[in-house]
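Next comes entry.cif, with mmCIF, C-alpha atoms and all ligand atoms.
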```cif
data_structure
#
loop_
_atom_site.group_PDB
_atom_site.id
_atom_site.type_symbol
_atom_site.label_atom_id
_atom_site.label_comp_id
_atom_site.auth_asym_id
_atom_site.auth_seq_id
_atom_site.Cartn_x
_atom_site.Cartn_y
_atom_site.Cartn_z
ATOM 1 C CA MET A 845 -62.172 -6.283 -71.907
ATOM 2 C CA ARG A 846 -60.433 -3.667 -69.829
ATOM 3 C CA ALA A 847 -60.331 -0.158 -71.188
ATOM 4 C CA THR A 848 -56.869 0.355 -69.681
ATOM 5 C CA SER A 849 -54.080 -2.127 -69.105
ATOM 6 C CA SER A 850 -53.856 -3.469 -65.570
ATOM 7 C CA ILE A 851 -50.817 -3.048 -63.389
ATOM 8 C CA GLY A 852 -50.370 -6.801 -63.319
ATOM 9 C CA GLU A 853 -49.587 -6.943 -67.020
ATOM 10 C CA ASN A 854 -46.325 -5.129 -66.305
ATOM 11 C CA PRO A 855 -43.545 -7.766 -66.246
ATOM 12 C CA ARG A 856 -41.693 -5.767 -63.560
ATOM 13 C CA VAL A 857 -44.567 -6.187 -61.101
ATOM 14 C CA ALA A 858 -45.334 -9.274 -58.999
ATOM 15 C CA LEU A 859 -48.351 -10.143 -56.895
ATOM 16 C CA LEU A 860 -47.566 -11.874 -53.597
ATOM 17 C CA LEU A 861 -50.455 -13.899 -52.216
ATOM 18 C CA VAL A 862 -49.619 -14.300 -48.555
ATOM 19 C CA ASP A 863 -50.430 -17.449 -46.577
ATOM 20 C CA LEU A 864 -53.809 -18.391 -48.063
ATOM 21 C CA GLN A 865 -53.804 -21.655 -46.117
ATOM 22 C CA VAL A 866 -56.401 -23.811 -44.419
ATOM 23 C CA ASP A 867 -55.243 -23.115 -40.860
ATOM 24 C CA PHE A 868 -55.751 -19.366 -41.359
ATOM 25 C CA LEU A 869 -59.326 -19.732 -42.637
ATOM 26 C CA PRO A 870 -62.424 -19.944 -40.411
ATOM 27 C CA GLY A 871 -62.375 -23.419 -38.852
ATOM 28 C CA GLY A 872 -58.574 -23.561 -38.961
ATOM 29 C CA SER A 873 -56.296 -23.689 -35.932
ATOM 30 C CA LEU A 874 -55.273 -20.026 -36.246
ATOM 31 C CA ALA A 875 -58.338 -18.691 -38.017
ATOM 32 C CA VAL A 876 -58.349 -15.116 -39.266
ATOM 33 C CA ALA A 877 -61.872 -13.669 -39.241
ATOM 34 C CA GLY A 878 -63.087 -13.341 -42.809
ATOM 35 C CA GLY A 879 -59.998 -15.085 -44.138
ATOM 36 C CA ASP A 880 -62.094 -17.124 -46.541
ATOM 37 C CA GLU A 881 -63.357 -13.913 -48.140
ATOM 38 C CA VAL A 882 -59.870 -13.245 -49.459
ATOM 39 C CA VAL A 883 -59.717 -16.392 -51.598
ATOM 40 C CA PRO A 884 -62.085 -15.333 -54.394
ATOM 41 C CA LEU A 885 -60.580 -11.852 -54.323
ATOM 42 C CA ALA A 886 -57.115 -13.354 -54.708
ATOM 43 C CA ASN A 887 -58.272 -15.491 -57.632
ATOM 44 C CA ARG A 888 -59.704 -12.457 -59.369
ATOM 45 C CA VAL A 889 -56.700 -10.211 -58.785
ATOM 46 C CA ALA A 890 -54.184 -12.927 -59.668
ATOM 47 C CA SER A 891 -55.897 -13.493 -63.011
ATOM 48 C CA THR A 892 -54.781 -9.982 -63.990
ATOM 49 C CA PHE A 893 -51.114 -10.461 -62.983
ATOM 50 C CA ARG A 894 -48.406 -11.981 -65.129
ATOM 51 C CA ASN A 895 -46.170 -12.679 -62.096
ATOM 52 C CA VAL A 896 -47.800 -14.370 -59.118
ATOM 53 C CA ILE A 897 -45.966 -15.768 -56.102
ATOM 54 C CA LEU A 898 -47.570 -17.770 -53.303
ATOM 55 C CA THR A 899 -46.221 -17.803 -49.767
ATOM 56 C CA GLN A 900 -46.801 -20.692 -47.415
ATOM 57 C CA ASP A 901 -46.243 -20.796 -43.665
ATOM 58 C CA TRP A 902 -44.505 -24.140 -43.240
ATOM 59 C CA HIS A 903 -43.393 -25.099 -39.751
ATOM 60 C CA PRO A 904 -41.798 -28.266 -38.419
ATOM 61 C CA ALA A 905 -43.716 -29.899 -35.553
ATOM 62 C CA GLY A 906 -42.674 -28.422 -32.216
ATOM 63 C CA HIS A 907 -41.884 -25.038 -33.785
ATOM 64 C CA VAL A 908 -40.663 -22.301 -31.441
ATOM 65 C CA SER A 909 -43.696 -20.104 -32.267
ATOM 66 C CA PHE A 910 -46.148 -22.669 -30.906
ATOM 67 C CA ALA A 911 -47.414 -22.121 -27.356
ATOM 68 C CA THR A 912 -47.354 -25.888 -26.922
ATOM 69 C CA SER A 913 -43.563 -25.750 -27.237
ATOM 70 C CA HIS A 914 -43.359 -23.641 -24.041
ATOM 71 C CA PRO A 915 -44.791 -25.364 -20.960
ATOM 72 C CA GLY A 916 -47.105 -23.119 -18.964
ATOM 73 C CA ARG A 917 -47.588 -20.644 -21.810
ATOM 74 C CA ALA A 918 -50.823 -19.920 -23.660
ATOM 75 C CA PRO A 919 -51.479 -18.806 -27.233
ATOM 76 C CA PHE A 920 -51.138 -15.039 -27.838
ATOM 77 C CA GLU A 921 -48.765 -14.561 -24.897
ATOM 78 C CA VAL A 922 -45.506 -12.867 -25.854
ATOM 79 C CA ILE A 923 -42.143 -14.289 -24.822
ATOM 80 C CA ASP A 924 -38.579 -13.119 -25.386
ATOM 81 C CA LEU A 925 -36.465 -15.208 -27.732
ATOM 82 C CA PRO A 926 -32.844 -14.538 -28.726
ATOM 83 C CA TYR A 927 -34.051 -12.613 -31.798
ATOM 84 C CA GLY A 928 -36.683 -10.555 -29.972
ATOM 85 C CA PRO A 929 -40.265 -10.770 -28.719
ATOM 86 C CA GLN A 930 -42.305 -13.665 -30.077
ATOM 87 C CA VAL A 931 -46.073 -14.004 -30.000
ATOM 88 C CA LEU A 932 -47.005 -17.587 -29.187
ATOM 89 C CA TRP A 933 -49.551 -19.167 -31.498
ATOM 90 C CA PRO A 934 -51.705 -22.253 -31.531
ATOM 91 C CA ASP A 935 -50.004 -25.025 -33.511
ATOM 92 C CA HIS A 936 -50.573 -24.157 -37.161
ATOM 93 C CA CYS A 937 -49.342 -24.900 -40.677
ATOM 94 C CA VAL A 938 -47.282 -27.914 -39.709
ATOM 95 C CA GLN A 939 -45.375 -29.218 -42.726
ATOM 96 C CA GLY A 940 -47.350 -31.726 -44.743
ATOM 97 C CA THR A 941 -50.578 -31.446 -42.756
ATOM 98 C CA ALA A 942 -53.997 -30.591 -44.158
ATOM 99 C CA GLY A 943 -53.913 -27.299 -42.265
ATOM 100 C CA ALA A 944 -50.797 -26.207 -44.099
ATOM 101 C CA ALA A 945 -52.355 -26.796 -47.516
ATOM 102 C CA PHE A 946 -53.478 -23.911 -49.684
ATOM 103 C CA ALA A 947 -57.081 -22.814 -49.265
ATOM 104 C CA PRO A 948 -59.598 -24.938 -51.107
ATOM 105 C CA GLY A 949 -60.852 -22.833 -53.962
ATOM 106 C CA LEU A 950 -57.575 -21.002 -54.453
ATOM 107 C CA ASP A 951 -57.242 -21.081 -58.215
ATOM 108 C CA VAL A 952 -53.962 -19.589 -59.347
ATOM 109 C CA PRO A 953 -52.514 -22.148 -61.754
ATOM 110 C CA HIS A 954 -50.127 -19.640 -63.316
ATOM 111 C CA ALA A 955 -48.324 -18.836 -60.037
ATOM 112 C CA HIS A 956 -44.674 -19.487 -60.760
ATOM 113 C CA MET A 957 -43.157 -19.670 -57.293
ATOM 114 C CA ILE A 958 -44.026 -20.823 -53.789
ATOM 115 C CA VAL A 959 -41.983 -19.392 -50.923
ATOM 116 C CA ARG A 960 -42.125 -21.507 -47.787
ATOM 117 C CA LYS A 961 -41.208 -19.766 -44.543
ATOM 118 C CA GLY A 962 -40.902 -20.541 -40.866
ATOM 119 C CA VAL A 963 -39.126 -23.762 -41.779
ATOM 120 C CA HIS A 964 -36.423 -23.444 -39.121
ATOM 121 C CA ALA A 965 -37.467 -24.992 -35.788
ATOM 122 C CA GLY A 966 -36.041 -22.175 -33.689
ATOM 123 C CA ILE A 967 -37.000 -19.067 -35.709
ATOM 124 C CA ASP A 968 -40.412 -17.776 -36.694
ATOM 125 C CA SER A 969 -40.951 -16.003 -39.993
ATOM 126 C CA TYR A 970 -43.755 -13.587 -40.644
ATOM 127 C CA SER A 971 -41.920 -11.963 -43.505
ATOM 128 C CA THR A 972 -41.612 -13.809 -46.766
ATOM 129 C CA PHE A 973 -38.226 -12.108 -47.301
ATOM 130 C CA TYR A 974 -36.489 -12.727 -43.947
ATOM 131 C CA GLU A 975 -36.959 -14.975 -40.977
ATOM 132 C CA ALA A 976 -37.827 -13.192 -37.737
ATOM 133 C CA ASP A 977 -34.154 -12.890 -36.741
ATOM 134 C CA ARG A 978 -34.036 -10.345 -39.608
ATOM 135 C CA VAL A 979 -30.863 -11.868 -41.057
ATOM 136 C CA THR A 980 -31.827 -15.310 -42.406
ATOM 137 C CA PRO A 981 -33.105 -14.753 -45.957
ATOM 138 C CA THR A 982 -35.760 -16.834 -47.679
ATOM 139 C CA GLY A 983 -34.230 -16.121 -51.086
ATOM 140 C CA LEU A 984 -37.186 -14.150 -52.396
ATOM 141 C CA THR A 985 -35.280 -10.868 -52.794
ATOM 142 C CA GLY A 986 -32.823 -12.452 -55.206
ATOM 143 C CA ALA A 987 -35.520 -14.384 -57.013
ATOM 144 C CA LEU A 988 -37.439 -11.189 -57.710
ATOM 145 C CA ARG A 989 -34.328 -9.297 -58.817
ATOM 146 C CA ASP A 990 -33.282 -12.151 -61.099
ATOM 147 C CA ARG A 991 -36.599 -11.757 -62.896
ATOM 148 C CA GLY A 992 -36.274 -7.979 -63.182
ATOM 149 C CA ILE A 993 -39.116 -7.346 -60.768
ATOM 150 C CA ASP A 994 -38.918 -4.066 -58.847
ATOM 151 C CA HIS A 995 -42.514 -3.595 -57.733
ATOM 152 C CA VAL A 996 -44.600 -5.910 -55.551
ATOM 153 C CA CYS A 997 -48.272 -5.891 -54.613
ATOM 154 C CA LEU A 998 -49.356 -7.927 -51.592
ATOM 155 C CA MET A 999 -52.621 -9.302 -50.336
ATOM 156 C CA GLY A 1000 -53.586 -12.189 -48.060
ATOM 157 C CA LEU A 1001 -53.343 -13.174 -44.400
ATOM 158 C CA ALA A 1002 -52.899 -11.691 -42.000
ATOM 159 C CA THR A 1003 -52.652 -7.950 -42.549
ATOM 160 C CA ASP A 1004 -50.907 -7.254 -39.260
ATOM 161 C CA PHE A 1005 -48.334 -10.048 -39.315
ATOM 162 C CA CYS A 1006 -47.207 -11.811 -42.466
ATOM 163 C CA VAL A 1007 -48.508 -9.218 -44.924
ATOM 164 C CA ALA A 1008 -47.136 -6.237 -42.981
ATOM 165 C CA TRP A 1009 -43.748 -7.764 -42.184
ATOM 166 C CA SER A 1010 -43.334 -8.855 -45.802
ATOM 167 C CA ALA A 1011 -44.304 -5.422 -47.074
ATOM 168 C CA VAL A 1012 -41.918 -3.608 -44.739
ATOM 169 C CA ASP A 1013 -39.038 -5.852 -45.845
ATOM 170 C CA ALA A 1014 -39.905 -5.359 -49.511
ATOM 171 C CA ALA A 1015 -39.908 -1.583 -49.083
ATOM 172 C CA ARG A 1016 -36.591 -1.720 -47.200
ATOM 173 C CA HIS A 1017 -35.118 -3.512 -50.179
ATOM 174 C CA ARG A 1018 -36.322 -0.703 -52.396
ATOM 175 C CA PHE A 1019 -39.075 -2.553 -54.136
ATOM 176 C CA ARG A 1020 -42.033 -0.294 -54.800
ATOM 177 C CA THR A 1021 -44.458 -1.916 -52.397
ATOM 178 C CA GLN A 1022 -48.222 -1.754 -52.388
ATOM 179 C CA VAL A 1023 -50.525 -3.548 -49.964
ATOM 180 C CA ILE A 1024 -54.057 -4.138 -51.192
ATOM 181 C CA LEU A 1025 -55.701 -3.565 -47.833
ATOM 182 C CA ASP A 1026 -59.201 -4.743 -48.669
ATOM 183 C CA GLY A 1027 -57.625 -7.908 -50.046
ATOM 184 C CA CYS A 1028 -56.300 -8.741 -46.575
ATOM 185 C CA ARG A 1029 -57.823 -9.678 -43.236
ATOM 186 C CA ALA A 1030 -56.253 -9.067 -39.825
ATOM 187 C CA ILE A 1031 -55.760 -10.928 -36.555
ATOM 188 C CA ASP A 1032 -55.619 -7.626 -34.594
ATOM 189 C CA ALA A 1033 -54.348 -8.941 -31.242
ATOM 190 C CA ASN A 1034 -53.309 -6.330 -28.670
ATOM 191 C CA GLY A 1035 -53.322 -3.424 -31.104
ATOM 192 C CA SER A 1036 -51.295 -5.252 -33.724
ATOM 193 C CA LEU A 1037 -53.254 -3.890 -36.686
ATOM 194 C CA ALA A 1038 -52.713 -0.221 -35.822
ATOM 195 C CA ARG A 1039 -49.040 -0.913 -35.132
ATOM 196 C CA ALA A 1040 -48.626 -2.739 -38.431
ATOM 197 C CA GLN A 1041 -50.258 0.055 -40.405
ATOM 198 C CA ALA A 1042 -47.943 2.578 -38.743
ATOM 199 C CA ASP A 1043 -44.898 0.392 -39.476
ATOM 200 C CA MET A 1044 -45.905 0.037 -43.124
ATOM 201 C CA ALA A 1045 -46.477 3.773 -43.515
ATOM 202 C CA ALA A 1046 -43.104 4.535 -41.898
ATOM 203 C CA ALA A 1047 -41.374 2.142 -44.300
ATOM 204 C CA GLY A 1048 -42.933 3.823 -47.330
ATOM 205 C CA VAL A 1049 -45.400 1.058 -48.137
ATOM 206 C CA GLU A 1050 -48.350 2.317 -50.173
ATOM 207 C CA LEU A 1051 -51.719 1.201 -48.837
ATOM 208 C CA ILE A 1052 -54.150 0.782 -51.715
ATOM 209 C CA GLY A 1053 -57.475 -0.886 -52.431
ATOM 210 C CA LEU A 1054 -58.779 -3.401 -54.941
ATOM 211 C CA ALA A 1055 -60.380 -0.545 -56.832
ATOM 212 C CA ASP A 1056 -56.940 0.968 -57.489
ATOM 213 C CA LEU A 1057 -55.731 -1.993 -59.548
HETATM 214 ZN ZN ZN B 1101 -46.613 -19.472 -38.517
#
```

Write the structure described by the file as structure tokens, please.
Ligand SMILES: [Zn+2]
Amino acid sequence: MRATSSIGENPRVALLLVDLQVDFLPGGSLAVAGGDEVVPLANRVASTFRNVILTQDWHPAGHVSFATSHPGRAPFEVIDLPYGPQVLWPDHCVQGTAGAAFAPGLDVPHAHMIVRKGVHAGIDSYSTFYEADRVTPTGLTGALRDRGIDHVCLMGLATDFCVAWSAVDAARHRFRTQVILDGCRAIDANGSLARAQADMAAAGVELIGLADL
């Protein structure tokens, strides 16, 4: 038994488990180093939260974020798209494939919502609130507000893309926003981790650790 009540027991708080999917684990097509280490941490943390939401990267085949969709381009190159710069990725999390499935071992039966993102062929989506054009909503903001949730905690993959972009959007929408940093793992391509941490700090995102929960 806990001596004090955990933050997750508060009905106004939700835990967002970001993109814990096969393709982002070691052996996957866009593997994040140590990504598998997050799964048991997520199970443990989620067991202390009343509100748990899963996000799932969920692209159609031939998605604009895939390097294979741009002849002559290689993964991790950056190109300009109408909505801004886009990092090109290996094909990953294609709708309905084994790589898009949740991580084996993820055990969060009480999660009450799954937000799928990156579903539009021509727009990427790191954030679980908005597609990368910054104007196409996923619907999560309203879903949280409808449930009276005003505080979100995030953990998952990867720190410097989907976690950070989601956290910055949450803070912009005036949710109290906490990222559990040691419950995330990063891709860290071309300085992306340092940039993401700076962006989160500038947006007022609180960076916390598992021990703070
Ligand atoms: Zn993706």

TODO: I would like the residues chosen by the PyMOL selection byres (((chain A and resi 1000) around 12) and not hetatm) on the shown file; could you give them as a PyMOL selection string?
DONE: chain A and resi 859-865+868-869+876+878-887+889-890+897-900+946-947+950+997-999+1001-1008+1010-1011+1023-1031

Task: Surrounding residues as a PyMOL selection string, ligand ZN 1101 (chain B), max 7 Å, only C-alpha atoms and all ligand atoms - done: chain A and resi 901-903+909+936-937+962+968-970

Task: Close residues, range 1042-1045 of chain A itself excluded, 8 Å, all atoms listed in the file, min 4 positions apart in chain, as a list of chain:residue names - done: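 Near range 1042-1045 of chain A, the qualifying residues are A:Ala1008, A:Ala1011, A:Val1012, A:Ala1038, A:Val1049, A:Glu1050, A:Leu1051.
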
Keeping only C-alpha atoms, write the selected residues to a file as an mmCIF file, in the coordinates of the input.
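part10.cif written:
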```
data_model
loop_
_atom_site.group_PDB
_atom_site.id
_atom_site.type_symbol
_atom_site.label_atom_id
_atom_site.label_comp_id
_atom_site.auth_asym_id
_atom_site.auth_seq_id
_atom_site.Cartn_x
_atom_site.Cartn_y
_atom_site.Cartn_z
ATOM 1 C CA ALA A 1008 -47.136 -6.237 -42.981
ATOM 2 C CA ALA A 1011 -44.304 -5.422 -47.074
ATOM 3 C CA VAL A 1012 -41.918 -3.608 -44.739
ATOM 4 C CA ALA A 1038 -52.713 -0.221 -35.822
ATOM 5 C CA VAL A 1049 -45.400 1.058 -48.137
ATOM 6 C CA GLU A 1050 -48.350 2.317 -50.173
ATOM 7 C CA LEU A 1051 -51.719 1.201 -48.837
#
```

Neighbours of Ala976 in chain A within 12 Å (all atoms listed in the file; same-chain residues fewer than 2 positions away dropped), as a PDB file with C-alpha atoms, keeping the file's coordinate frame?
```pdb
ATOM      1  CA  VAL A 908     -40.663 -22.301 -31.441  1.00  0.00           C
ATOM      2  CA  SER A 909     -43.696 -20.104 -32.267  1.00  0.00           C
ATOM      3  CA  LEU A 925     -36.465 -15.208 -27.732  1.00  0.00           C
ATOM      4  CA  PRO A 926     -32.844 -14.538 -28.726  1.00  0.00           C
ATOM      5  CA  TYR A 927     -34.051 -12.613 -31.798  1.00  0.00           C
ATOM      6  CA  GLY A 928     -36.683 -10.555 -29.972  1.00  0.00           C
ATOM      7  CA  PRO A 929     -40.265 -10.770 -28.719  1.00  0.00           C
ATOM      8  CA  GLN A 930     -42.305 -13.665 -30.077  1.00  0.00           C
ATOM      9  CA  VAL A 931     -46.073 -14.004 -30.000  1.00  0.00           C
ATOM     10  CA  LYS A 961     -41.208 -19.766 -44.543  1.00  0.00           C
ATOM     11  CA  GLY A 962     -40.902 -20.541 -40.866  1.00  0.00           C
ATOM     12  CA  VAL A 963     -39.126 -23.762 -41.779  1.00  0.00           C
ATOM     13  CA  HIS A 964     -36.423 -23.444 -39.121  1.00  0.00           C
ATOM     14  CA  ALA A 965     -37.467 -24.992 -35.788  1.00  0.00           C
ATOM     15  CA  GLY A 966     -36.041 -22.175 -33.689  1.00  0.00           C
ATOM     16  CA  ILE A 967     -37.000 -19.067 -35.709  1.00  0.00           C
ATOM     17  CA  ASP A 968     -40.412 -17.776 -36.694  1.00  0.00           C
ATOM     18  CA  SER A 969     -40.951 -16.003 -39.993  1.00  0.00           C
ATOM     19  CA  TYR A 970     -43.755 -13.587 -40.644  1.00  0.00           C
ATOM     20  CA  SER A 971     -41.920 -11.963 -43.505  1.00  0.00           C
ATOM     21  CA  THR A 972     -41.612 -13.809 -46.766  1.00  0.00           C
ATOM     22  CA  PHE A 973     -38.226 -12.108 -47.301  1.00  0.00           C
ATOM     23  CA  TYR A 974     -36.489 -12.727 -43.947  1.00  0.00           C
ATOM     24  CA  ARG A 978     -34.036 -10.345 -39.608  1.00  0.00           C
ATOM     25  CA  VAL A 979     -30.863 -11.868 -41.057  1.00  0.00           C
ATOM     26  CA  THR A 980     -31.827 -15.310 -42.406  1.00  0.00           C
ATOM     27  CA  PRO A 981     -33.105 -14.753 -45.957  1.00  0.00           C
ATOM     28  CA  THR A 982     -35.760 -16.834 -47.679  1.00  0.00           C
ATOM     29  CA  PHE A1005     -48.334 -10.048 -39.315  1.00  0.00           C
ATOM     30  CA  CYS A1006     -47.207 -11.811 -42.466  1.00  0.00           C
ATOM     31  CA  TRP A1009     -43.748  -7.764 -42.184  1.00  0.00           C
ATOM     32  CA  SER A1010     -43.334  -8.855 -45.802  1.00  0.00           C
ATOM     33  CA  ASP A1013     -39.038  -5.852 -45.845  1.00  0.00           C
TER      34      ASP A1013
END
```

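Coordinates place CA of Asn895 in chain A at a distance of 8.6 Å from CA of Asn854 in chain A.
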
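Of the listed residues (A:Ala858, A:Ala1047, A:Asp935, A:Ser850), A:Ala858 comes nearest to Arg991 in chain A; the distances count all atoms listed in the file.
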
Open item on the list: Could you list, as a list of chain:residue names, every residue within 7 Å of Asp867 in chain A, counting all atoms listed in the file and ignoring same-chain residues fewer than 5 positions away?
Closed with: A:Gly872, A:Ser873, A:Leu874, A:Ala875, A:His936, A:Cys937, A:Gly943, A:Ala944

Open item on the list: Report as a ChimeraX atom specification all protein, DNA and RNA residues lying within 12 Å of Arg917 in chain A, evaluated on all atoms listed in the file, omitting residues in the same chain fewer than 4 positions from it.
Closed with: /A:908-913,921-923,931-934

Preceding selection exported with C-alpha atoms as a short mmCIF file (atom, residue, chain, number, x, y, z; two decimals), in the coordinates of the input:
```cif
data_model
loop_
_atom_site.label_atom_id
_atom_site.label_comp_id
_atom_site.auth_asym_id
_atom_site.auth_seq_id
_atom_site.Cartn_x
_atom_site.Cartn_y
_atom_site.Cartn_z
CA VAL A 908 -40.66 -22.30 -31.44
CA SER A 909 -43.70 -20.10 -32.27
CA PHE A 910 -46.15 -22.67 -30.91
CA ALA A 911 -47.41 -22.12 -27.36
CA THR A 912 -47.35 -25.89 -26.92
CA SER A 913 -43.56 -25.75 -27.24
CA GLU A 921 -48.76 -14.56 -24.90
CA VAL A 922 -45.51 -12.87 -25.85
CA ILE A 923 -42.14 -14.29 -24.82
CA VAL A 931 -46.07 -14.00 -30.00
CA LEU A 932 -47.00 -17.59 -29.19
CA TRP A 933 -49.55 -19.17 -31.50
CA PRO A 934 -51.70 -22.25 -31.53
#
```

Open item on the list: If I take CA of Val866 in chain A and CA of Ala942 in chain A, how far is one from the other in Å, to one decimal?
Closed with: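 Computing it gives 7.2 Å between the two atoms.
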
Open item on the list: Measuring between only C-alpha atoms, which one of A:Val959, A:Val952, A:Ala1015, A:Asn1034 shows the shortest distance to Arg888 in chain A?
Closed with: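 Checking each of A:Val959, A:Val952, A:Ala1015, A:Asn1034 against Arg888 in chain A, counting only C-alpha atoms, the winner is A:Val952.
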
Open item on the list: What's the separation between CA of Leu1037 in chain A and CA of Ala877 in chain A, in Å to one decimal place?
Closed with: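 That distance, rounded to one decimal, is 13.3 Å.
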